[in-house]
$ cat start_37.cif   # mmCIF, C-alpha atoms
data_coords
#
loop_
_atom_site.label_atom_id
_atom_site.label_comp_id
_atom_site.auth_asym_id
_atom_site.auth_seq_id
_atom_site.Cartn_x
_atom_site.Cartn_y
_atom_site.Cartn_z
CA MET A 192 10.22 -1.99 45.86
CA LEU A 193 12.33 -4.79 44.38
CA ASN A 194 9.24 -6.45 42.92
CA ILE A 195 8.08 -3.17 41.35
CA THR A 196 11.53 -2.60 39.82
CA PHE A 197 11.56 -6.15 38.47
CA ILE A 198 8.09 -5.73 36.97
CA ASN A 199 9.04 -2.41 35.39
CA LYS A 200 12.13 -3.98 33.82
CA ASN A 201 10.04 -6.82 32.43
CA LEU A 202 7.49 -4.41 31.02
CA ALA A 203 10.24 -2.33 29.41
CA PHE A 204 11.82 -5.47 27.95
CA ASP A 205 8.50 -6.73 26.58
CA SER A 206 7.84 -3.33 25.02
CA LEU A 207 11.21 -3.34 23.27
CA VAL A 208 10.55 -6.86 21.98
CA LYS A 209 7.17 -5.81 20.61
CA ILE A 210 8.67 -2.76 18.90
CA ALA A 211 11.36 -4.94 17.31
CA HIS A 212 8.73 -7.38 16.04
CA ILE A 213 6.55 -4.55 14.73
CA ILE A 214 9.45 -3.12 12.70
CA ARG A 215 10.33 -6.51 11.23
CA TYR A 216 6.77 -7.46 10.41
CA GLY A 217 6.22 -3.99 8.99
CA ILE A 218 9.07 -4.58 6.51
CA LEU A 219 7.86 -8.10 5.70
CA LEU A 220 4.26 -7.01 5.15
CA ALA A 221 5.39 -4.06 3.01
CA PHE A 222 7.20 -6.43 0.63
CA LEU A 223 4.28 -8.85 0.64
CA ALA A 224 1.88 -6.02 -0.25
CA LEU A 225 4.27 -4.67 -2.89
CA PHE A 226 4.67 -8.05 -4.58
CA THR A 227 0.92 -8.67 -4.44
CA VAL A 228 0.23 -5.33 -6.11
CA PHE A 229 2.81 -6.01 -8.82
CA SER A 230 1.28 -9.44 -9.48
CA LEU A 231 -2.27 -8.07 -9.71
CA ARG A 232 -1.15 -5.22 -11.98
CA HIS A 233 0.24 -7.79 -14.39
CA PHE A 234 -3.03 -9.71 -14.59
CA VAL A 235 -5.20 -6.58 -14.83
CA LEU A 236 -3.08 -4.41 -17.15
CA GLY A 237 -1.30 -7.11 -19.14
CA GLY A 238 2.30 -8.15 -19.57
CA ASP A 239 3.07 -5.38 -22.04
CA VAL A 240 2.45 -2.82 -19.27
CA ALA A 241 3.20 -4.55 -15.96
CA ALA A 242 5.93 -7.04 -15.06
CA SER A 243 5.02 -10.68 -14.52
CA VAL A 244 5.77 -12.73 -11.42
CA ASP A 245 8.50 -14.53 -13.39
CA ALA A 246 10.22 -11.24 -14.19
CA LEU A 247 10.33 -10.37 -10.48
CA CYS A 248 11.48 -13.76 -9.20
CA PRO A 249 15.19 -13.86 -8.23
CA PHE A 250 15.33 -17.65 -8.52
CA GLY A 251 14.61 -17.31 -12.24
CA GLY A 252 17.88 -15.44 -12.58
CA ILE A 253 19.72 -18.30 -10.89
CA GLU A 254 18.01 -20.84 -13.15
CA THR A 255 19.05 -19.01 -16.31
CA LEU A 256 22.56 -18.10 -15.13
CA LEU A 257 24.49 -20.90 -16.87
CA VAL A 258 22.51 -20.39 -20.09
CA PHE A 259 23.27 -16.66 -19.91
CA ILE A 260 27.00 -17.25 -19.33
CA THR A 261 27.34 -19.74 -22.21
CA THR A 262 25.01 -18.16 -24.79
CA GLY A 263 24.27 -14.61 -23.62
CA GLY A 264 20.56 -15.45 -23.76
CA PHE A 265 17.88 -16.34 -21.25
CA VAL A 266 15.67 -19.32 -20.58
CA PRO A 267 12.16 -18.52 -21.92
CA ARG A 268 10.03 -16.32 -19.56
CA ILE A 269 13.14 -14.91 -17.86
CA LEU A 270 14.14 -11.28 -18.36
CA MET A 271 17.10 -9.18 -17.24
CA SER A 272 15.15 -8.09 -14.14
CA SER A 273 15.26 -11.65 -12.77
CA LEU A 274 19.01 -11.83 -13.24
CA ILE A 275 19.52 -8.44 -11.58
CA LEU A 276 17.33 -9.44 -8.64
CA SER A 277 19.34 -12.65 -8.21
CA ILE A 278 22.51 -10.52 -8.16
CA GLY A 279 20.89 -8.25 -5.55
CA VAL A 280 19.97 -11.25 -3.40
CA PHE A 281 23.51 -12.63 -3.78
CA LEU A 282 24.92 -9.31 -2.54
CA THR A 283 22.63 -9.38 0.50
CA VAL A 284 23.96 -12.87 1.25
CA LEU A 285 27.60 -11.76 1.03
CA PHE A 286 26.96 -8.85 3.38
CA PHE A 287 24.10 -10.04 5.59
CA LYS A 288 23.88 -13.82 5.09
CA ARG A 289 20.24 -14.94 4.79
CA GLY A 290 18.64 -11.64 5.69
CA PHE A 291 16.55 -11.83 2.50
CA CYS A 292 14.78 -14.90 3.93
CA GLY A 293 14.15 -13.34 7.32
CA TRP A 294 13.25 -9.80 6.27
CA ILE A 295 12.03 -9.68 2.66
CA CYS A 296 10.80 -12.95 1.09
CA PRO A 297 7.01 -12.64 0.51
CA PHE A 298 6.38 -16.38 0.56
CA GLY A 299 8.36 -16.74 3.77
CA THR A 300 6.16 -14.02 5.25
CA ILE A 301 2.99 -15.93 4.32
CA GLN A 302 4.33 -19.08 5.98
CA GLU A 303 5.31 -17.18 9.10
CA LEU A 304 1.91 -15.50 9.38
CA LEU A 305 0.18 -18.87 9.05
CA GLY A 306 2.49 -20.19 11.73
CA LEU A 307 1.07 -17.65 14.19
CA ILE A 308 -2.24 -19.55 14.17
CA THR A 309 -0.82 -22.12 16.56
CA LYS A 310 2.18 -21.72 18.85
CA LYS A 311 2.55 -25.40 19.61
CA LYS A 312 5.09 -26.61 17.07
CA LYS A 313 7.46 -29.53 17.16
CA LEU A 314 10.27 -30.35 14.80
CA PRO A 315 9.39 -33.56 12.97
CA ALA A 316 11.58 -36.62 13.49
CA PHE A 317 12.87 -36.32 9.93
CA ASP A 318 13.88 -32.68 10.44
CA ARG A 319 17.64 -32.74 9.88
CA PRO A 320 17.76 -35.32 7.05
CA ALA A 321 14.86 -33.58 5.29
CA ARG A 322 16.77 -30.30 5.14
CA TYR A 323 19.04 -31.78 2.49
CA LEU A 324 16.05 -32.11 0.14
CA LYS A 325 16.28 -28.45 -0.88
CA TYR A 326 19.89 -28.89 -1.96
CA ILE A 327 19.00 -31.94 -4.05
CA LEU A 328 16.09 -29.99 -5.55
CA LEU A 329 18.34 -27.03 -6.34
CA ILE A 330 20.90 -29.17 -8.17
CA ALA A 331 18.21 -31.08 -10.08
CA ILE A 332 16.46 -27.86 -11.17
CA LEU A 333 19.65 -26.19 -12.37
CA LEU A 334 20.82 -29.23 -14.32
CA LEU A 335 17.44 -29.94 -15.93
CA THR A 336 16.77 -26.29 -16.77
CA THR A 337 20.19 -25.92 -18.41
CA TYR A 338 19.78 -29.19 -20.30
CA THR A 339 16.22 -28.64 -21.52
CA GLY A 340 16.27 -24.84 -21.86
CA TYR A 341 12.94 -24.80 -20.02
CA LEU A 342 11.98 -23.71 -16.51
CA VAL A 343 11.25 -27.22 -15.30
CA PHE A 344 10.32 -26.10 -11.78
CA ARG A 345 8.14 -23.14 -12.72
CA ASP A 346 4.88 -25.02 -13.27
CA TYR A 347 4.98 -26.47 -9.74
CA ASP A 348 6.65 -23.67 -7.77
CA PRO A 349 4.32 -22.77 -4.84
CA PHE A 350 5.77 -19.25 -4.74
CA LEU A 351 4.69 -18.54 -8.32
CA THR A 352 1.46 -20.51 -7.96
CA PHE A 353 0.41 -18.52 -4.89
CA PHE A 354 0.97 -15.19 -6.62
CA HIS A 355 -1.02 -16.34 -9.66
CA PHE A 356 -4.07 -16.33 -7.37
CA GLY A 357 -5.76 -19.46 -8.72
CA LYS A 358 -5.01 -18.75 -12.40
CA GLY A 359 -5.78 -21.80 -14.50
CA ILE A 360 -8.02 -23.21 -11.77
CA PHE A 361 -10.58 -20.51 -10.94
CA TRP A 362 -9.99 -18.12 -13.84
CA ASP A 363 -8.28 -18.00 -17.25
CA PHE A 364 -9.03 -21.70 -17.48
CA GLU A 365 -6.84 -23.68 -19.89
CA PRO A 366 -8.22 -27.20 -20.45
CA ASP A 367 -4.93 -28.57 -21.79
CA ALA A 368 -3.02 -27.43 -18.71
CA ILE A 369 -5.59 -28.36 -16.05
CA ILE A 370 -3.56 -31.31 -14.71
CA THR A 371 -0.43 -29.19 -14.28
CA HIS A 372 -2.37 -26.36 -12.62
CA THR A 373 -4.16 -28.80 -10.30
CA ILE A 374 -0.90 -30.42 -9.16
CA ALA A 375 0.72 -27.00 -8.58
CA PHE A 376 -2.34 -25.79 -6.67
CA ALA A 377 -2.36 -28.95 -4.52
CA ILE A 378 1.35 -28.54 -3.69
CA THR A 379 0.81 -24.91 -2.70
CA ILE A 380 -2.19 -25.68 -0.49
CA THR A 381 -0.26 -28.52 1.18
CA VAL A 382 2.67 -26.19 1.94
CA LEU A 383 0.36 -23.51 3.36
CA ILE A 384 -1.49 -25.96 5.60
CA ALA A 385 1.77 -27.55 6.77
CA SER A 386 3.08 -24.05 7.63
CA VAL A 387 0.47 -23.83 10.38
CA PHE A 388 2.01 -26.79 12.18
CA ILE A 389 5.66 -26.73 11.05
CA SER A 390 7.35 -23.34 11.15
CA ARG A 391 8.47 -22.18 7.68
CA VAL A 392 8.16 -25.68 6.29
CA TRP A 393 8.98 -24.71 2.68
CA CYS A 394 11.99 -22.63 3.74
CA LYS A 395 13.47 -25.42 5.82
CA TYR A 396 13.00 -28.41 3.58
CA LEU A 397 12.32 -27.54 -0.05
CA CYS A 398 13.13 -23.94 -1.04
CA PRO A 399 15.82 -24.08 -3.79
CA LEU A 400 16.53 -20.36 -3.49
CA GLY A 401 17.09 -20.80 0.24
CA ALA A 402 19.46 -23.68 -0.51
CA GLY A 403 21.49 -21.47 -2.83
CA MET A 404 21.69 -18.73 -0.22
CA ALA A 405 22.64 -21.19 2.51
CA ILE A 406 25.64 -22.36 0.48
CA PHE A 407 27.08 -18.84 0.26
CA SER A 408 25.86 -17.52 3.62
CA ARG A 409 28.93 -18.91 5.39
CA PHE A 410 30.88 -16.10 3.67
CA GLY A 411 28.56 -13.37 4.99
CA LEU A 412 30.07 -10.46 6.89
CA THR A 413 27.48 -10.29 9.68
CA SER A 414 27.05 -12.73 12.54
CA ILE A 415 25.12 -13.39 15.72
CA VAL A 416 27.41 -13.90 18.72
CA ARG A 417 26.51 -15.10 22.22
CA ASP A 418 28.13 -13.99 25.45
CA SER A 419 28.27 -17.45 27.03
CA LYS A 420 29.57 -16.12 30.36
CA ASN A 421 26.48 -14.03 31.07
CA CYS A 422 23.96 -16.40 29.46
CA ASN A 423 21.59 -17.96 32.02
CA LYS A 424 20.71 -20.89 29.69
CA CYS A 425 16.99 -20.08 29.65
CA LYS A 426 16.94 -21.33 26.04
CA ARG A 427 14.35 -18.78 25.03
CA CYS A 428 16.41 -18.19 21.88
CA ASP A 429 16.00 -21.85 20.89
CA LYS A 430 12.26 -21.77 21.45
CA VAL A 431 11.60 -18.69 19.30
CA CYS A 432 13.84 -19.66 16.37
CA PRO A 433 11.53 -20.32 13.38
CA VAL A 434 13.96 -22.77 11.76
CA GLY A 435 15.07 -24.69 14.83
CA VAL A 436 18.67 -23.49 15.21
CA LYS A 437 20.15 -24.35 18.62
CA VAL A 438 21.37 -20.88 19.49
CA SER A 439 22.04 -21.58 23.18
CA ASN A 440 24.71 -24.15 22.37
CA VAL A 441 27.14 -21.97 20.42
CA LYS A 442 29.22 -18.82 20.88
CA LYS A 443 28.65 -17.80 17.27
CA ILE A 444 25.90 -18.95 14.94
CA LYS A 445 27.46 -20.66 11.95
CA ASP A 446 24.48 -22.82 11.03
CA THR A 447 23.59 -21.96 7.41
CA GLU A 448 19.96 -22.85 8.17
CA CYS A 449 19.68 -19.60 10.15
CA ILE A 450 17.50 -17.12 8.21
CA ASP A 451 18.83 -14.13 10.18
CA CYS A 452 15.39 -12.97 11.29
CA LYS A 453 17.07 -11.79 14.53
CA ILE A 454 14.10 -12.89 16.62
CA CYS A 455 16.45 -14.65 19.03
CA VAL A 456 18.48 -11.46 19.51
CA ASP A 457 15.40 -9.38 20.31
CA GLU A 458 13.86 -12.03 22.57
CA CYS A 459 16.97 -12.61 24.71
CA PRO A 460 16.12 -11.31 28.22
CA LYS A 461 19.77 -11.04 29.25
CA LYS A 462 20.80 -9.36 25.96
CA VAL A 463 23.72 -11.74 25.57
CA LEU A 464 23.03 -12.14 21.83
CA LYS A 465 24.40 -9.42 19.55
CA ASN A 466 24.32 -8.66 15.83
CA GLN A 467 27.84 -7.94 14.70
CA PHE A 468 28.90 -6.26 11.46
CA PHE A 469 32.64 -5.70 11.01
CA GLY A 470 32.98 -6.04 14.77
CA TYR A 471 30.31 -3.44 15.58
CA ASN A 472 27.06 -4.26 17.36
CA ILE A 473 24.03 -3.09 15.39
CA PRO A 474 20.33 -3.25 16.34
CA SER A 475 18.11 -5.71 14.49
CA TRP A 476 15.99 -3.02 12.84
CA LEU A 477 19.10 -1.38 11.36
CA TYR A 478 20.28 -4.76 10.09
CA GLY A 479 16.91 -5.21 8.35
CA LEU A 480 17.11 -1.79 6.73
CA PHE A 481 20.63 -2.57 5.48
CA VAL A 482 19.35 -5.74 3.78
CA VAL A 483 16.54 -3.80 2.09
CA ALA A 484 18.94 -1.01 1.09
CA VAL A 485 21.35 -3.41 -0.67
CA LEU A 486 18.55 -5.00 -2.69
CA PHE A 487 17.00 -1.68 -3.72
CA ALA A 488 20.42 -0.19 -4.50
CA THR A 489 21.05 -3.03 -6.94
CA ILE A 490 17.71 -2.40 -8.64
CA PHE A 491 18.10 1.40 -8.85
CA ILE A 492 21.67 1.18 -10.15
CA SER A 493 20.57 -1.22 -12.89
CA ILE A 494 17.70 1.11 -13.84
CA ASP A 495 20.08 4.07 -13.96
CA MET A 496 22.44 2.08 -16.18
CA GLY A 497 19.58 1.11 -18.48
CA SER A 498 20.02 -2.60 -17.74
CA TRP A 499 16.69 -3.25 -16.02
CA GLN A 500 14.05 -4.95 -18.16
CA SER A 501 10.95 -6.45 -16.56
CA ILE A 502 8.60 -6.26 -19.57
CA PRO A 503 9.23 -8.33 -22.72
CA ASP A 504 10.01 -6.43 -25.91
CA GLY A 505 7.40 -8.38 -27.87
CA ASP A 506 9.83 -10.21 -30.16
CA LEU A 507 9.02 -13.91 -29.88
CA VAL A 508 11.52 -15.09 -32.49
CA THR A 509 14.79 -16.28 -30.96
CA GLU A 510 18.27 -15.84 -32.41
CA ASP A 511 18.16 -19.25 -34.08
CA GLY A 512 14.92 -18.32 -35.87
CA THR A 513 12.56 -20.44 -33.76
CA ILE A 514 9.52 -19.07 -31.95
CA ASP A 515 9.65 -18.83 -28.17
CA LEU A 516 6.33 -20.55 -27.48
CA ALA A 517 6.64 -20.30 -23.68
CA SER A 518 6.58 -16.51 -23.91
CA ILE A 519 3.20 -16.40 -25.66
CA LYS A 520 0.87 -15.03 -22.99
CA GLY A 521 -2.86 -14.46 -22.69
CA TRP A 522 -2.44 -10.69 -22.41
CA MET A 523 -1.09 -10.51 -25.98
CA THR A 524 -3.43 -9.28 -28.69
CA LEU A 525 -3.67 -11.02 -32.07
CA ASN A 526 -1.71 -8.17 -33.63
CA GLN A 527 0.99 -8.37 -30.95
CA LEU A 528 1.13 -12.11 -31.47
CA SER A 529 1.61 -11.60 -35.21
CA ASN A 530 4.27 -8.93 -34.71
CA GLY A 531 6.17 -11.08 -32.24
CA THR A 532 6.02 -14.36 -34.20
CA GLN A 533 6.14 -12.84 -37.72
CA ILE A 534 3.10 -14.95 -38.59
CA PRO A 535 0.31 -13.08 -40.47
CA THR A 536 -2.92 -12.53 -38.56
CA THR A 537 -4.76 -14.21 -41.41
CA VAL A 538 -2.99 -17.48 -40.58
CA PHE A 539 -4.39 -17.34 -37.04
CA TYR A 540 -7.85 -16.31 -38.24
CA GLU A 541 -8.01 -19.15 -40.76
CA GLY A 542 -6.22 -21.84 -38.79
CA LEU A 543 -8.11 -21.25 -35.52
CA SER A 544 -11.45 -20.47 -37.23
CA ILE A 545 -11.60 -16.98 -35.77
CA PRO A 546 -14.50 -14.96 -37.28
CA LEU A 547 -13.48 -11.85 -39.25
CA GLU A 548 -15.47 -9.59 -36.92
CA VAL A 549 -13.02 -10.35 -34.09
CA ASP A 550 -10.91 -7.25 -33.43
CA PRO A 551 -7.18 -8.11 -33.86
CA GLU A 552 -6.48 -5.85 -30.87
CA THR A 553 -8.34 -8.29 -28.60
CA PRO A 554 -6.13 -10.02 -26.00
CA ILE A 555 -6.10 -13.80 -26.34
CA LYS A 556 -7.47 -14.21 -22.81
CA ASP A 557 -10.54 -12.12 -23.73
CA LEU A 558 -11.53 -14.09 -26.82
CA SER A 559 -13.73 -16.37 -24.75
CA GLN A 560 -15.53 -13.62 -22.81
CA LYS A 561 -16.01 -11.20 -25.69
CA TYR A 562 -16.62 -13.56 -28.60
CA GLY A 563 -17.40 -16.92 -27.04
CA LEU A 564 -14.28 -18.53 -28.56
CA SER A 565 -12.61 -21.33 -26.64
CA ILE A 566 -9.09 -20.22 -27.56
CA HIS A 567 -6.35 -19.87 -24.97
CA ALA A 568 -2.63 -19.20 -25.00
CA GLU A 569 -1.91 -22.93 -24.89
CA ASP A 570 -4.07 -23.42 -28.00
CA ILE A 571 -2.02 -20.76 -29.79
CA ARG A 572 1.23 -22.49 -28.85
CA THR A 573 -0.06 -25.86 -30.05
CA PHE A 574 -1.32 -24.32 -33.29
CA ILE A 575 2.03 -22.68 -34.06
CA GLU A 576 3.83 -25.98 -33.48
CA THR A 577 1.70 -27.56 -36.23
CA LEU A 578 2.49 -24.86 -38.80
CA PRO A 579 4.88 -25.61 -41.64
CA GLU A 580 8.08 -23.69 -41.07
CA GLU A 581 7.70 -21.56 -44.21
CA LYS A 582 4.32 -20.23 -43.05
CA SER A 583 5.96 -18.42 -40.19
CA ILE A 584 8.35 -16.47 -42.41
CA THR A 585 6.64 -15.97 -45.78
CA CYS A 586 3.67 -13.99 -46.97
CA PRO A 587 0.67 -16.17 -47.91
CA TRP A 588 0.28 -14.12 -51.12
CA GLY A 589 3.92 -14.51 -52.14
CA ILE A 590 4.73 -10.83 -51.58
CA GLU A 591 8.19 -10.19 -50.16
CA ASP A 592 9.34 -7.11 -48.24
CA ASP A 593 13.12 -6.85 -48.13
CA ASP A 594 13.01 -3.95 -45.66
CA ALA A 595 10.83 -5.78 -43.17
CA PRO A 596 10.78 -9.52 -43.91
CA GLY A 597 7.75 -11.27 -42.50
CA LEU A 598 5.83 -8.03 -42.03
CA CYS A 599 3.45 -8.75 -44.90
CA GLY A 600 0.03 -9.85 -43.72
CA LEU A 601 0.35 -8.67 -40.14
CA TYR A 602 -2.29 -5.94 -40.29
CA VAL A 603 -5.83 -5.58 -41.60
CA ASP A 604 -7.72 -2.38 -42.35
CA SER A 605 -11.11 -1.35 -40.99
CA ASP A 606 -12.82 -3.73 -43.47
CA ASN A 607 -10.62 -6.64 -42.42
CA ASN A 608 -8.77 -6.47 -45.75
CA ASN A 609 -5.10 -7.27 -45.49
CA ILE A 610 -3.08 -4.18 -46.35
CA CYS A 611 -0.40 -6.29 -48.05
CA ASP A 612 -2.79 -8.10 -50.36
CA PHE A 613 -2.97 -5.88 -53.48
CA SER A 614 -5.71 -8.06 -54.94
CA GLU A 615 -8.19 -6.72 -52.35
#

$ encode --input "start_37.cif" --output "structure tokens"
Amino acid sequence: MLNITFINKNLAFDSLVKIAHIIRYGILLAFLALFTVFSLRHFVLGGDVAASVDALCPFGGIETLLVFITTGGFVPRILMSSLILSIGVFLTVLFFKRGFCGWICPFGTIQELLGLITKKKKLPAFDRPARYLKYILLIAILLLTTYTGYLVFRDYDPFLTFFHFGKGIFWDFEPDAIITHTIAFAITITVLIASVFISRVWCKYLCPLGAGMAIFSRFGLTSIVRDSKNCNKCKRCDKVCPVGVKVSNVKKIKDTECIDCKICVDECPKKVLKNQFFGYNIPSWLYGLFVVAVLFATIFISIDMGSWQSIPDGDLVTEDGTIDLASIKGWMTLNQLSNGTQIPTTVFYEGLSIPLEVDPETPIKDLSQKYGLSIHAEDIRTFIETLPEEKSITCPWGIEDDDAPGLCGLYVDSDNNNICDFSE
């Protein structure tokens, strides 16, 4: 009878553990699917319809924060949505520490799924010293981005590279950027392979967003506490922790490396580990829903206030009169490019040897497929850099329009005649 009771208790415990894992992985996979769909929509529909990966990356908001505070503007490629998402993540940290890492982050989910391939994992000898690398990387990125006004980390970020799905390597090939794309692709593949053998390798050692959250997580209002009197020291909590926190040695987890996945709480057979929020014990699944709720509340409030912007407005000319070259994307048509840069379409047609039969409503990325032209977004950026300054603000025929300066020459009629050129 005692054996049957013991077996029944074990079965009940295992069932509860499985349910807890199913709920958590359900939330993680939902965010992974959502982010994947958003990324694919951008590439299929274009950046004037669907938000880019950059616009949905909270780390971009952190990168541009100092620039925004000092100038009121953003680093190129960053929109208000990135800043709002970074605020949302910051709020989750203040309330729930690093719950974003353990319950939402799509790239963390990918690493964790790859880690399920093999259960035999050991912390490398360099584990603890290597964890400081992400803090060094965070400081370097913030300083260099603020100094240069350019997202210095973007080109090599495995998070962004993964959700570009081989762009620049297998499709939308840009010869001038092949070295950069190859390095970024190699870094991403290395991280993914390493994730099979080292649990959440990017999160532990190199993630700059994780480093930023770790700094502020010590102020979080939730905590995991351990009833040391009733703990039998089985150390199951230590074994299941994906980031190697020694849970069995402390009464309260204060290690900022903890990603608050709550796996240790759910796996504890004696139930001596508890999630506490303002002194109340809450189940792990409710904790996860709270984290999600705070992030979504931030987004919905910003939308209601009219602050959310995840799609660029098309104006590529900055406040100082220069052209934001980094924001020129392959989804832009020749007409959109002209509108945004205030450079006449005729300048692009002549300077890039584009035949007159090319429809100005053709996206740059489709010029190769539709017309056999080897012209990419990078070629457009390089071409604009070579233009004399006056060509970007004056009409090639000398016609001025005081009501809309720079508008002259932007459009052609059905016969490819420029509507501003009265000689035609």

$ resolve_selection --input "start_37.cif" --expression "the PyMOL selection byres ((chain A and resi 328) around 12)" --output "list in words"
Ala321, Arg322, Tyr323, Leu324, Lys325, Tyr326, Ile327, Leu329, Ile330, Ala331, Ile332, Leu333, Leu334, Leu335, Thr336, Val343, Phe344, Asp348, Tyr396, Leu397, Cys398, Pro399, Leu400, Gly401, Ala402 and Gly403 of chain A

$ residues_around --input "start_37.cif" --residues "A:Glu552" --least-positions-apart "4" --cutoff "10 Å" --atoms "all atoms listed in the file" --output "ChimeraX atom specification"
/A:523-528

$ closest_residue --input "start_37.cif" --among "A:Cys296, A:Ala488, A:Leu342, A:Leu516" --to "A:Val266" --atoms "only C-alpha atoms"
A:Leu342

$ closest_atom_pairs --input "start_37.cif" --of "stretch 419-469 of chain A" --to "stretch 273-293 of chain A" --cutoff "7 Å" --atoms "only C-alpha atoms" --output "tab-separated table"
residue	atom	partner	partner_atom	distance
A:Ile450	CA	A:Arg289	CA	4.9
A:Asp451	CA	A:Gly290	CA	5.1
A:Cys452	CA	A:Gly293	CA	4.2

$ atom_distance --input "start_37.cif" --atom1 "atom CA of A:Ile360" --atom2 "atom CA of A:Ile502"
25.0 Å

$ closest_residue --input "start_37.cif" --among "A:Glu303, A:Glu510, A:Asp557, A:Asp245" --to "A:Val382" --atoms "only C-alpha atoms"
A:Glu303

$ residues_around --input "start_37.cif" --residues "A:Leu304" --least-positions-apart "3" --cutoff "12 Å" --atoms "only C-alpha atoms" --output "NGL selection string"
:A and (216 or 219-220 or 223 or 297-301 or 307-310 or 383-384 or 386-391 or 433)

$ closest_residue --input "start_37.cif" --among "A:Lys424, A:Leu477, A:Pro503, A:Lys209" --to "A:Leu270" --atoms "only C-alpha atoms"
A:Pro503

$ closest_residue --input "start_37.cif" --among "A:Gly505, A:Pro267, A:Gly217, A:Pro349" --to "A:Asp239" --atoms "all atoms listed in the file"
A:Gly505

$ closest_residue --input "start_37.cif" --among "A:Met271, A:Val235, A:Ala568, A:Ile295" --to "A:Leu486" --atoms "only C-alpha atoms"
A:Ile295

$ atom_distance --input "start_37.cif" --atom1 "atom CA of A:Trp362" --atom2 "atom CA of A:Val549"
21.9 Å

$ axis_aligned_box --input "start_37.cif" --around "stretch 342-347 of chain A" --padding-each-side "5 Å" --output "AutoDock Vina command-line options"
--center_x 8.4 --center_y -25.2 --center_z -13.1 --size_x 17.1 --size_y 14.1 --size_z 16.8

$ closest_residue --input "start_37.cif" --among "A:Gly238, A:Ser272, A:Ile213, A:Ile545" --to "A:Thr489" --atoms "only C-alpha atoms"
A:Ser272

$ resolve_selection --input "start_37.cif" --expression "the PyMOL selection byres ((chain A and resi 363-371) around 12)" --output "ChimeraX atom specification"
/A:234,343-348,352,355-362,372-378,520-522,555-560,565-573

$ atom_distance --input "start_37.cif" --atom1 "atom CA of A:Gly252" --atom2 "atom CA of A:Val228"
21.3 Å

$ resolve_selection --input "start_37.cif" --expression "the PyMOL selection byres ((chain A and resi 514) around 10)" --output "list in words"
Asp506, Leu507, Val508, Thr509, Glu510, Asp511, Gly512, Thr513, Asp515, Leu516, Ala517, Ser518, Ile519, Gly531, Thr532, Gln533, Arg572, Ile575, Glu576 and Ser583 of chain A

$ decode --input "start_37.cif" --residues "stretch 542-554 of chain A" --atoms "N, CA and C atoms" --output "PDB file, in the first residue's frame"
ATOM      1  N   GLY A 542      21.894  57.991 -63.733  1.00  0.00           N
ATOM      2  CA  GLY A 542      23.120  57.652 -63.020  1.00  0.00           C
ATOM      3  C   GLY A 542      23.361  56.165 -62.874  1.00  0.00           C
ATOM      4  N   LEU A 543      22.282  55.381 -62.792  1.00  0.00           N
ATOM      5  CA  LEU A 543      22.411  53.922 -62.620  1.00  0.00           C
ATOM      6  C   LEU A 543      22.126  53.162 -63.904  1.00  0.00           C
ATOM      7  N   SER A 544      21.972  53.923 -65.012  1.00  0.00           N
ATOM      8  CA  SER A 544      21.719  53.326 -66.340  1.00  0.00           C
ATOM      9  C   SER A 544      20.494  52.420 -66.324  1.00  0.00           C
ATOM     10  N   ILE A 545      19.418  52.918 -65.730  1.00  0.00           N
ATOM     11  CA  ILE A 545      18.169  52.161 -65.679  1.00  0.00           C
ATOM     12  C   ILE A 545      17.366  52.474 -66.939  1.00  0.00           C
ATOM     13  N   PRO A 546      16.990  51.474 -67.737  1.00  0.00           N
ATOM     14  CA  PRO A 546      16.222  51.709 -68.959  1.00  0.00           C
ATOM     15  C   PRO A 546      14.897  52.414 -68.661  1.00  0.00           C
ATOM     16  N   LEU A 547      14.410  53.221 -69.593  1.00  0.00           N
ATOM     17  CA  LEU A 547      13.188  53.986 -69.394  1.00  0.00           C
ATOM     18  C   LEU A 547      11.956  53.096 -69.239  1.00  0.00           C
ATOM     19  N   GLU A 548      12.021  51.864 -69.766  1.00  0.00           N
ATOM     20  CA  GLU A 548      10.852  50.991 -69.663  1.00  0.00           C
ATOM     21  C   GLU A 548      10.649  50.419 -68.260  1.00  0.00           C
ATOM     22  N   VAL A 549      11.615  50.641 -67.372  1.00  0.00           N
ATOM     23  CA  VAL A 549      11.486  50.152 -65.994  1.00  0.00           C
ATOM     24  C   VAL A 549      10.437  50.986 -65.264  1.00  0.00           C
ATOM     25  N   ASP A 550       9.439  50.308 -64.716  1.00  0.00           N
ATOM     26  CA  ASP A 550       8.356  50.967 -63.991  1.00  0.00           C
ATOM     27  C   ASP A 550       8.908  51.575 -62.695  1.00  0.00           C
ATOM     28  N   PRO A 551       8.703  52.887 -62.456  1.00  0.00           N
ATOM     29  CA  PRO A 551       9.216  53.502 -61.223  1.00  0.00           C
ATOM     30  C   PRO A 551       8.553  52.986 -59.953  1.00  0.00           C
ATOM     31  N   GLU A 552       7.484  52.193 -60.102  1.00  0.00           N
ATOM     32  CA  GLU A 552       6.842  51.581 -58.938  1.00  0.00           C
ATOM     33  C   GLU A 552       7.434  50.210 -58.620  1.00  0.00           C
ATOM     34  N   THR A 553       8.538  49.860 -59.276  1.00  0.00           N
ATOM     35  CA  THR A 553       9.204  48.587 -59.027  1.00  0.00           C
ATOM     36  C   THR A 553      10.080  48.683 -57.787  1.00  0.00           C
ATOM     37  N   PRO A 554       9.930  47.763 -56.825  1.00  0.00           N
ATOM     38  CA  PRO A 554      10.825  47.765 -55.661  1.00  0.00           C
ATOM     39  C   PRO A 554      12.266  47.523 -56.097  1.00  0.00           C
TER      40      PRO A 554
END
